[in-house]
>>> print(open('protein30.cif').read())   # mmCIF, C-alpha atoms
data_my_file
loop_
_atom_site.label_atom_id
_atom_site.label_comp_id
_atom_site.auth_asym_id
_atom_site.auth_seq_id
_atom_site.Cartn_x
_atom_site.Cartn_y
_atom_site.Cartn_z
CA MET O 111 -12.68 -20.44 10.59
CA SER O 112 -8.97 -21.01 10.65
CA ASN O 113 -6.77 -18.33 12.14
CA ASP O 114 -5.28 -17.52 8.76
CA ILE O 115 -8.69 -16.69 7.33
CA LYS O 116 -9.71 -14.69 10.38
CA ASP O 117 -6.48 -12.68 10.44
CA ALA O 118 -6.66 -12.06 6.70
CA LEU O 119 -10.20 -10.73 7.00
CA LYS O 120 -9.20 -8.53 9.95
CA GLY O 121 -6.54 -6.90 7.82
CA GLY O 122 -8.50 -7.13 4.58
CA PHE O 123 -11.69 -5.47 5.73
CA PRO O 124 -10.06 -2.09 6.50
CA ILE O 125 -8.29 -2.21 3.13
CA PHE O 126 -11.65 -2.90 1.47
CA ILE O 127 -13.19 0.08 3.30
CA GLY O 128 -10.23 2.23 2.31
CA TYR O 129 -10.23 1.20 -1.36
CA VAL O 130 -13.93 1.61 -2.14
CA PRO O 131 -14.16 5.44 -2.06
CA PRO O 132 -11.16 6.14 -4.32
CA ALA O 133 -12.29 3.32 -6.62
CA ILE O 134 -15.75 4.91 -6.87
CA ALA O 135 -14.01 8.19 -7.69
CA PHE O 136 -12.00 6.40 -10.38
CA GLY O 137 -15.17 4.93 -11.89
CA ILE O 138 -16.84 8.34 -11.97
CA LEU O 139 -13.78 10.07 -13.40
CA SER O 140 -13.22 7.44 -16.09
CA LYS O 141 -16.83 7.82 -17.22
CA SER O 142 -16.34 11.57 -17.55
CA CYS O 143 -13.22 10.89 -19.65
CA ASP O 144 -15.27 8.94 -22.22
CA ILE O 145 -13.83 5.60 -21.18
CA THR O 146 -16.25 2.67 -21.62
CA LEU O 147 -17.48 0.62 -18.67
CA LEU O 148 -15.44 -2.36 -19.88
CA GLU O 149 -12.26 -0.27 -20.13
CA SER O 150 -12.82 1.28 -16.72
CA PHE O 151 -13.29 -2.21 -15.27
CA LEU O 152 -10.15 -3.46 -17.03
CA PHE O 153 -8.08 -0.57 -15.68
CA SER O 154 -8.90 -1.63 -12.14
CA ALA O 155 -9.05 -5.39 -12.73
CA VAL O 156 -5.89 -5.75 -14.82
CA VAL O 157 -3.64 -2.86 -13.75
CA PHE O 158 -4.81 -2.77 -10.09
CA ALA O 159 -2.68 0.20 -9.04
CA GLY O 160 -4.49 3.12 -7.44
CA ALA O 161 -2.68 6.39 -7.98
CA SER O 162 -1.26 5.46 -11.39
CA GLN O 163 -4.77 4.87 -12.78
CA PHE O 164 -5.79 8.42 -11.87
CA ILE O 165 -2.56 9.77 -13.33
CA ALA O 166 -3.22 7.81 -16.54
CA LEU O 167 -6.67 9.38 -16.90
CA ASN O 168 -5.22 12.85 -16.37
CA LEU O 169 -2.51 12.26 -18.94
CA LEU O 170 -5.05 10.83 -21.42
CA MET O 171 -7.02 14.06 -21.07
CA THR O 172 -3.92 16.14 -21.74
CA GLY O 173 -3.51 14.15 -24.97
CA MET O 174 -0.35 12.27 -24.00
CA GLY O 175 0.26 9.13 -26.05
CA PRO O 176 0.32 5.59 -24.60
CA GLY O 177 4.14 5.44 -24.50
CA GLY O 178 4.42 8.39 -22.13
CA ILE O 179 1.60 7.15 -19.94
CA ILE O 180 3.10 3.67 -19.70
CA LEU O 181 6.51 5.10 -18.78
CA THR O 182 4.92 7.28 -16.10
CA THR O 183 3.04 4.25 -14.76
CA PHE O 184 6.30 2.32 -14.58
CA LEU O 185 7.98 5.10 -12.58
CA VAL O 186 5.00 5.61 -10.27
CA ASN O 187 4.62 1.92 -9.49
CA PHE O 188 8.28 0.99 -9.24
CA ARG O 189 8.18 1.29 -5.43
CA HIS O 190 6.46 -2.09 -5.43
CA PHE O 191 9.74 -3.58 -6.58
CA LEU O 192 11.17 -2.77 -3.15
CA MET O 193 8.07 -4.07 -1.41
CA SER O 194 8.19 -7.38 -3.31
CA ALA O 195 11.91 -7.61 -2.54
CA TYR O 196 11.06 -7.55 1.15
CA LEU O 197 8.11 -9.94 0.81
CA SER O 198 10.27 -12.43 -1.09
CA THR O 199 12.22 -12.95 2.14
CA ARG O 200 9.04 -13.84 4.02
CA ILE O 201 7.28 -16.36 1.81
CA GLY O 202 9.75 -19.19 2.18
CA LYS O 203 7.30 -22.09 2.29
CA ILE O 204 4.88 -20.92 -0.38
CA ALA O 205 5.33 -22.80 -3.66
CA LYS O 206 6.82 -20.78 -6.52
CA ARG O 207 3.81 -21.22 -8.80
CA TYR O 208 1.65 -19.15 -6.43
CA VAL O 209 4.11 -16.27 -6.63
CA PHE O 210 2.81 -15.27 -10.06
CA LEU O 211 -0.62 -14.54 -8.65
CA MET O 212 0.65 -13.17 -5.36
CA ALA O 213 2.93 -10.63 -7.07
CA PHE O 214 -0.08 -9.18 -8.90
CA GLY O 215 -1.64 -8.18 -5.58
CA VAL O 216 1.34 -6.36 -4.03
CA THR O 217 -0.17 -2.95 -3.29
CA ASP O 218 1.03 -0.47 -0.65
CA GLU O 219 -1.61 -1.54 1.83
CA VAL O 220 -1.38 -5.29 1.23
CA PHE O 221 2.39 -5.04 1.60
CA SER O 222 1.98 -3.08 4.83
CA VAL O 223 -0.37 -5.59 6.44
CA LEU O 224 1.74 -8.56 5.30
CA SER O 225 5.06 -7.13 6.39
CA PHE O 226 3.91 -6.23 9.89
CA SER O 227 2.16 -9.53 10.43
CA LYS O 228 4.28 -11.43 12.96
CA LYS O 229 3.06 -14.83 11.83
CA GLU O 230 4.28 -16.93 8.96
CA LEU O 231 2.81 -15.81 5.66
CA THR O 232 0.75 -18.69 4.30
CA LYS O 233 -0.92 -18.65 0.90
CA THR O 234 -4.39 -18.65 2.50
CA PHE O 235 -3.53 -15.54 4.50
CA VAL O 236 -1.93 -13.74 1.56
CA PHE O 237 -4.62 -14.56 -1.00
CA ILE O 238 -7.60 -13.71 1.21
CA LEU O 239 -5.98 -10.41 2.14
CA GLN O 240 -5.30 -9.63 -1.51
CA LEU O 241 -8.78 -10.68 -2.55
CA SER O 242 -10.32 -8.28 0.00
CA ALA O 243 -8.24 -5.45 -1.41
CA TYR O 244 -8.88 -6.43 -5.02
CA SER O 245 -12.64 -6.82 -4.60
CA GLY O 246 -12.88 -3.39 -2.92
CA TRP O 247 -11.01 -1.80 -5.80
CA VAL O 248 -12.92 -3.54 -8.61
CA ILE O 249 -16.38 -3.36 -7.03
CA GLY O 250 -15.81 0.31 -6.18
CA THR O 251 -14.80 1.09 -9.76
CA LEU O 252 -17.87 -0.58 -11.25
CA THR O 253 -20.18 1.01 -8.68
CA GLY O 254 -18.74 4.45 -9.31
CA TYR O 255 -19.06 4.10 -13.06
CA ILE O 256 -22.61 2.77 -12.95
CA MET O 257 -24.10 4.61 -9.98
CA GLY O 258 -21.97 7.74 -9.70
CA GLY O 259 -21.34 9.27 -6.28
CA PHE O 260 -24.21 7.65 -4.42
CA LEU O 261 -22.53 7.80 -0.99
CA PRO O 262 -23.12 11.01 0.98
CA ASP O 263 -20.25 13.40 0.31
CA ILE O 264 -19.29 13.69 3.97
CA LEU O 265 -19.06 9.91 4.33
CA THR O 266 -16.83 9.61 1.25
CA LYS O 267 -14.57 12.35 2.59
CA SER O 268 -14.41 10.69 6.02
CA MET O 269 -13.44 7.36 4.48
CA GLY O 270 -10.37 9.09 3.06
CA ILE O 271 -8.80 8.68 6.49
CA ALA O 272 -9.17 4.88 6.48
CA LEU O 273 -6.00 3.98 4.58
CA TYR O 274 -3.89 6.21 6.83
CA SER O 275 -5.42 5.00 10.09
CA LEU O 276 -4.91 1.47 8.76
CA LEU O 277 -1.18 2.11 8.25
CA LEU O 278 -0.93 3.72 11.68
CA ALA O 279 -2.74 0.80 13.35
CA ILE O 280 -0.37 -1.66 11.66
CA LEU O 281 2.67 0.32 12.82
CA LEU O 282 1.73 0.94 16.43
CA PRO O 283 2.62 -2.47 17.91
CA GLU O 284 6.08 -2.10 16.34
CA LEU O 285 6.51 1.47 17.56
CA ARG O 286 5.57 0.48 21.13
CA THR O 287 8.36 -2.03 21.36
CA SER O 288 11.19 -0.43 19.38
CA ALA O 289 12.66 3.04 19.79
CA LYS O 290 14.66 2.45 16.61
CA ALA O 291 11.45 1.84 14.69
CA VAL O 292 10.07 5.13 16.01
CA CYS O 293 13.20 7.00 14.89
CA LEU O 294 13.18 5.41 11.44
CA VAL O 295 9.47 6.04 10.86
CA ILE O 296 9.81 9.69 11.87
CA ALA O 297 12.95 10.09 9.74
CA SER O 298 11.15 8.51 6.81
CA GLY O 299 8.15 10.83 7.17
CA ILE O 300 10.37 13.90 7.46
CA LEU O 301 12.56 12.93 4.51
CA ASN O 302 9.53 12.23 2.35
CA THR O 303 7.95 15.56 3.30
CA ILE O 304 11.16 17.37 2.33
CA LEU O 305 11.35 15.49 -0.98
CA VAL O 306 7.70 16.23 -1.75
CA LYS O 307 8.28 19.93 -0.99
CA ILE O 308 11.45 20.13 -3.10
CA ASN O 309 9.59 18.34 -5.87
CA ILE O 310 12.48 17.62 -8.24
CA LEU O 311 12.08 13.86 -8.65
CA PRO O 312 9.73 12.27 -11.19
CA ASN O 313 6.30 11.28 -9.94
CA GLY O 314 6.53 8.34 -7.53
CA TRP O 315 10.27 8.56 -6.87
CA ASN O 316 10.17 10.54 -3.66
CA ILE O 317 9.03 7.45 -1.80
CA ILE O 318 11.57 5.23 -3.55
CA VAL O 319 14.49 7.48 -2.58
CA CYS O 320 13.01 7.66 0.89
CA ILE O 321 12.72 3.87 1.31
CA LEU O 322 16.24 3.29 -0.04
CA THR O 323 17.78 5.93 2.22
CA ILE O 324 15.97 5.04 5.43
CA ALA O 325 16.35 1.28 4.94
CA PHE O 326 20.06 1.81 4.26
CA VAL O 327 20.45 3.83 7.47
CA GLY O 328 18.31 1.33 9.35
CA SER O 329 20.40 -1.61 8.18
CA PHE O 330 23.36 -0.26 10.18
CA PHE O 331 21.29 -0.28 13.34
CA ILE O 332 20.15 -3.85 13.10
CA SER O 333 23.25 -5.46 11.66
CA ARG O 334 25.27 -4.41 14.69
CA ASP O 335 23.00 -6.38 16.98
CA PRO O 336 21.68 -9.43 15.18
CA GLU O 337 19.46 -10.49 18.08
CA GLU O 338 17.45 -7.33 17.88
CA THR O 339 15.60 -6.53 14.71
CA ILE O 340 13.31 -3.84 13.53
CA GLN O 341 10.82 -6.40 12.33
CA GLY O 342 10.57 -8.18 15.62
CA GLU O 343 11.62 -11.32 13.83
CA LYS O 344 15.01 -12.90 14.29
CA ILE O 345 17.52 -12.46 11.53
CA HIS O 346 18.45 -15.83 10.15
CA GLY O 347 22.08 -16.86 10.39
CA MET K 224 -8.18 -3.71 -30.30
CA ASP K 225 -8.48 -0.04 -29.56
CA ASN K 226 -5.87 2.21 -28.05
CA ILE K 227 -7.23 2.20 -24.52
CA ILE K 228 -7.06 -1.58 -24.27
CA LEU K 229 -3.44 -1.51 -25.48
CA LEU K 230 -2.70 1.22 -22.96
CA ILE K 231 -4.24 -0.87 -20.18
CA LEU K 232 -2.17 -3.91 -21.16
CA GLY K 233 1.01 -1.82 -21.27
CA MET K 234 0.30 -0.28 -17.88
CA ALA K 235 -0.52 -3.71 -16.47
CA GLY K 236 2.81 -5.07 -17.74
CA VAL K 237 4.99 -2.32 -16.30
CA THR K 238 3.11 -2.53 -13.00
CA TYR K 239 3.20 -6.32 -12.72
CA ILE K 240 6.81 -6.99 -13.71
CA PRO K 241 8.43 -4.92 -10.91
CA ARG K 242 6.02 -6.60 -8.48
CA LEU K 243 7.05 -10.05 -9.71
CA LEU K 244 10.78 -9.86 -10.48
CA PRO K 245 12.14 -9.63 -6.92
CA PHE K 246 10.58 -12.98 -6.03
CA PHE K 247 12.84 -14.56 -8.64
CA LEU K 248 15.89 -12.34 -8.18
CA ILE K 249 15.98 -12.95 -4.45
CA GLY K 250 14.06 -16.19 -4.13
CA SER K 251 15.36 -18.48 -1.45
CA ASN K 252 19.02 -17.64 -1.93
CA LYS K 253 20.97 -16.95 1.19
CA LEU K 254 21.66 -13.24 1.32
CA PRO K 255 24.66 -11.38 2.72
CA GLU K 256 23.84 -10.15 6.22
CA ARG K 257 24.01 -6.54 5.07
CA VAL K 258 21.48 -7.00 2.29
CA ASP K 259 19.22 -8.99 4.57
CA ALA K 260 19.29 -6.19 7.15
CA PHE K 261 18.51 -3.67 4.44
CA LEU K 262 15.52 -5.67 3.20
CA LYS K 263 14.21 -6.08 6.75
CA CYS K 264 14.16 -2.29 7.12
CA ILE K 265 12.05 -1.73 4.01
CA PRO K 266 8.65 -2.01 5.74
CA ILE K 267 9.44 0.51 8.45
CA ALA K 268 11.08 2.85 5.92
CA ALA K 269 8.08 2.56 3.61
CA LEU K 270 5.38 3.08 6.23
CA GLY K 271 6.67 6.44 7.43
CA ALA K 272 6.73 7.74 3.88
CA LEU K 273 3.37 6.20 2.99
CA ILE K 274 1.75 8.06 5.89
CA VAL K 275 3.59 11.41 5.84
CA PRO K 276 2.94 13.85 4.26
CA GLY K 277 -0.06 12.24 2.50
CA VAL K 278 -2.09 11.98 5.70
CA PHE K 279 -2.29 15.76 6.00
CA ASN K 280 -4.39 15.77 2.88
CA ALA K 281 -6.38 12.61 3.71
CA VAL K 282 -9.53 14.73 4.01
CA PRO K 283 -8.77 17.63 1.68
CA GLY K 284 -9.07 21.01 3.36
CA GLU K 285 -10.09 19.56 6.74
CA PRO K 286 -6.96 19.31 8.91
CA VAL K 287 -8.97 19.32 12.16
CA ALA K 288 -10.93 16.26 11.06
CA VAL K 289 -7.68 14.51 10.08
CA VAL K 290 -6.07 15.22 13.46
CA CYS K 291 -9.14 13.97 15.34
CA GLY K 292 -9.56 10.86 13.16
CA MET K 293 -5.89 9.91 13.37
CA GLY K 294 -5.85 10.83 17.07
CA PHE K 295 -8.65 8.34 17.68
CA ALA K 296 -6.76 5.62 15.79
CA LEU K 297 -3.60 6.43 17.76
CA VAL K 298 -5.26 6.30 21.17
CA ILE K 299 -7.30 3.14 20.52
CA GLY K 300 -4.39 1.50 18.70
CA LEU K 301 -2.05 2.13 21.64
CA TRP K 302 -4.63 1.18 24.23
CA ARG K 303 -6.35 -1.85 22.69
CA GLY K 304 -4.32 -2.64 19.55
CA GLY K 305 -6.03 -4.27 16.59
CA ILE K 306 -6.82 -2.85 13.19
CA ILE K 307 -10.56 -2.85 12.56
CA ILE K 308 -11.65 -0.75 15.56
CA PRO K 309 -9.00 1.96 15.05
CA VAL K 310 -9.88 2.19 11.34
CA ILE K 311 -13.68 2.20 11.66
CA GLY K 312 -13.38 4.51 14.67
CA SER K 313 -11.18 6.96 12.79
CA VAL K 314 -13.72 7.13 9.94
CA ALA K 315 -16.58 7.63 12.42
CA THR K 316 -14.65 10.32 14.30
CA THR K 317 -13.82 12.14 11.07
CA TYR K 318 -17.46 11.88 9.99
CA ILE K 319 -18.71 13.38 13.26
CA ILE K 320 -16.17 16.21 13.11
CA LEU K 321 -17.14 16.99 9.51
CA LEU K 322 -20.81 17.10 10.56
CA LEU K 323 -19.99 19.46 13.42
CA ILE K 324 -17.78 21.96 11.61
#
>>> encode(input="protein30.cif", output="structure tokens")
Amino acid sequence: MSNDIKDALKGGFPIFIGYVPPAIAFGILSKSCDITLLESFLFSAVVFAGASQFIALNLLMTGMGPGGIILTTFLVNFRHFLMSAYLSTRIGKIAKRYVFLMAFGVTDEVFSVLSFSKKELTKTFVFILQLSAYSGWVIGTLTGYIMGGFLPDILTKSMGIALYSLLLAILLPELRTSAKAVCLVIASGILNTILVKINILPNGWNIIVCILTIAFVGSFFISRDPEETIQGEKIHG
Amino acid sequence: MDNIILLILGMAGVTYIPRLLPFFLIGSNKLPERVDAFLKCIPIAALGALIVPGVFNAVPGEPVAVVCGMGFALVIGLWRGGIIIPVIGSVATTYIILLLI
């Protein structure tokens, strides 16, 4: 196996593990909302955006029309705009035509693994990582719809930690080598907690304000010293 | 086509377009140093907010299990690095704690 494939599977497997339980929950919930199996599958296979799918089901149940649900989805998922903006600076050698497919798979976790990968992002690496995430989400949805909650409750609950321990594991190498990274991560967590507590922004915008603010502050740190970067990668030019 | 299918297509569109647009807006253009520095900080800024405060509710109503599970990932991650062992280990630790309490 080439290194790209191996590294993609190393990052992709934990995402798969992390996506299956919430996807099962989505399948179960969509069945209880009188959604057909095909529709439930299409939600996960075509929209492919975790939290917003649950929000959509909730809003459907409250009787909200499609316009309101679509607007909410847009707001909730807009953070991926920032994530793609970062990724666009890392995929230099990948041909433009692949970008259409790649953009579809930009989820929080895929973005996290990609952005903290020190190596060059090749299309093999990106697509295998995204396929692991995608298959976990789609397979989980179908399984949940068809089989219900077949996993023991305690196991499902325990797997809720996987996505967070994944993000922590991705971050640690960076935090070990950069005090600035530690400060920015802590600041970001604190700011987000405050925003969540204040709860005045529309759904999904706490994290957007947080990313914009912390990245803005962070950009002062690294622009002063171009040799040192938060990403561990040299700034070009 | 029924309403749900239209809803799914609409949601797919408004999810996909923001994921796609930056690749064309930014592309391979040379960016001002300031903007470049800002973009480079996005991952670190995002990760903090993706973890906190959500992690506290990772296992609803079981903060002890969360602390132990994340503690395991932290220790193994610092000591050995890697992704798979910290993640699987954190799930196993959480599972054991939930069995015990």
>>> residues_around(input="protein30.cif", residues="segment 270-279 of chain K", least_positions_apart="3", cutoff="10 Å", atoms="all atoms listed in the file", output="VMD selection string")
(chain O and resid 218 to 219 221 to 222 270 to 271 273 to 278 280 to 281 291 to 304 306 to 307 316 to 318 320 to 321 324) or (chain K and resid 265 to 267 282 to 287 289 to 290 293)
>>> resolve_selection(input="protein30.cif", expression="the PyMOL selection byres ((chain K) within 7 of (chain O))", output="PyMOL selection string")
chain K and resi 228+230-231+233-235+237-239+241-243+245-246+249-251+257+260-272+274-276+278+281-282+289+293+296+300-301+305-307+309-310+313-314+317-318+321
>>> atom_distance(input="protein30.cif", atom1="atom CA of Gly137 of chain O", atom2="atom CA of Phe237 of chain O")
24.7 Å
>>> atom_distance(input="protein30.cif", atom1="atom CA of Gly259 of chain O", atom2="atom CA of Pro131 of chain O")
9.2 Å
>>> atom_distance(input="protein30.cif", atom1="atom CA of Ile324 of chain K", atom2="atom CA of Leu139 of chain O")
28.0 Å
>>> closest_residue(input="protein30.cif", among="O:Leu241, O:Phe260, O:Val220, O:Arg207", to="Phe247 of chain K", atoms="only C-alpha atoms")
O:Arg207
>>> resolve_selection(input="protein30.cif", expression="the PyMOL selection byres ((chain O and resi 133) around 8)", output="compact mmCIF listing (two decimals) with C-alpha atoms, keeping the file's coordinate frame")
# COMPACT_ATOMS: atom_id res chain seq x y z
CA TYR O 129 -10.23 1.20 -1.36
CA VAL O 130 -13.93 1.61 -2.14
CA PRO O 131 -14.16 5.44 -2.06
CA PRO O 132 -11.16 6.14 -4.32
CA ILE O 134 -15.75 4.91 -6.87
CA ALA O 135 -14.01 8.19 -7.69
CA PHE O 136 -12.00 6.40 -10.38
CA GLY O 137 -15.17 4.93 -11.89
CA GLY O 160 -4.49 3.12 -7.44
CA GLY O 246 -12.88 -3.39 -2.92
CA TRP O 247 -11.01 -1.80 -5.80
CA VAL O 248 -12.92 -3.54 -8.61
CA ILE O 249 -16.38 -3.36 -7.03
CA GLY O 250 -15.81 0.31 -6.18
CA THR O 251 -14.80 1.09 -9.76
CA GLY O 254 -18.74 4.45 -9.31
>>> resolve_selection(input="protein30.cif", expression="the PyMOL selection byres ((chain O and resi 234) around 10)", output="PyMOL selection string")
chain O and resi 112-115+118+204+231-233+235-240
>>> closest_residue(input="protein30.cif", among="O:Leu167, O:Phe126, O:Ile256, O:Asp263", to="Tyr244 of chain O", atoms="all atoms listed in the file")
O:Phe126
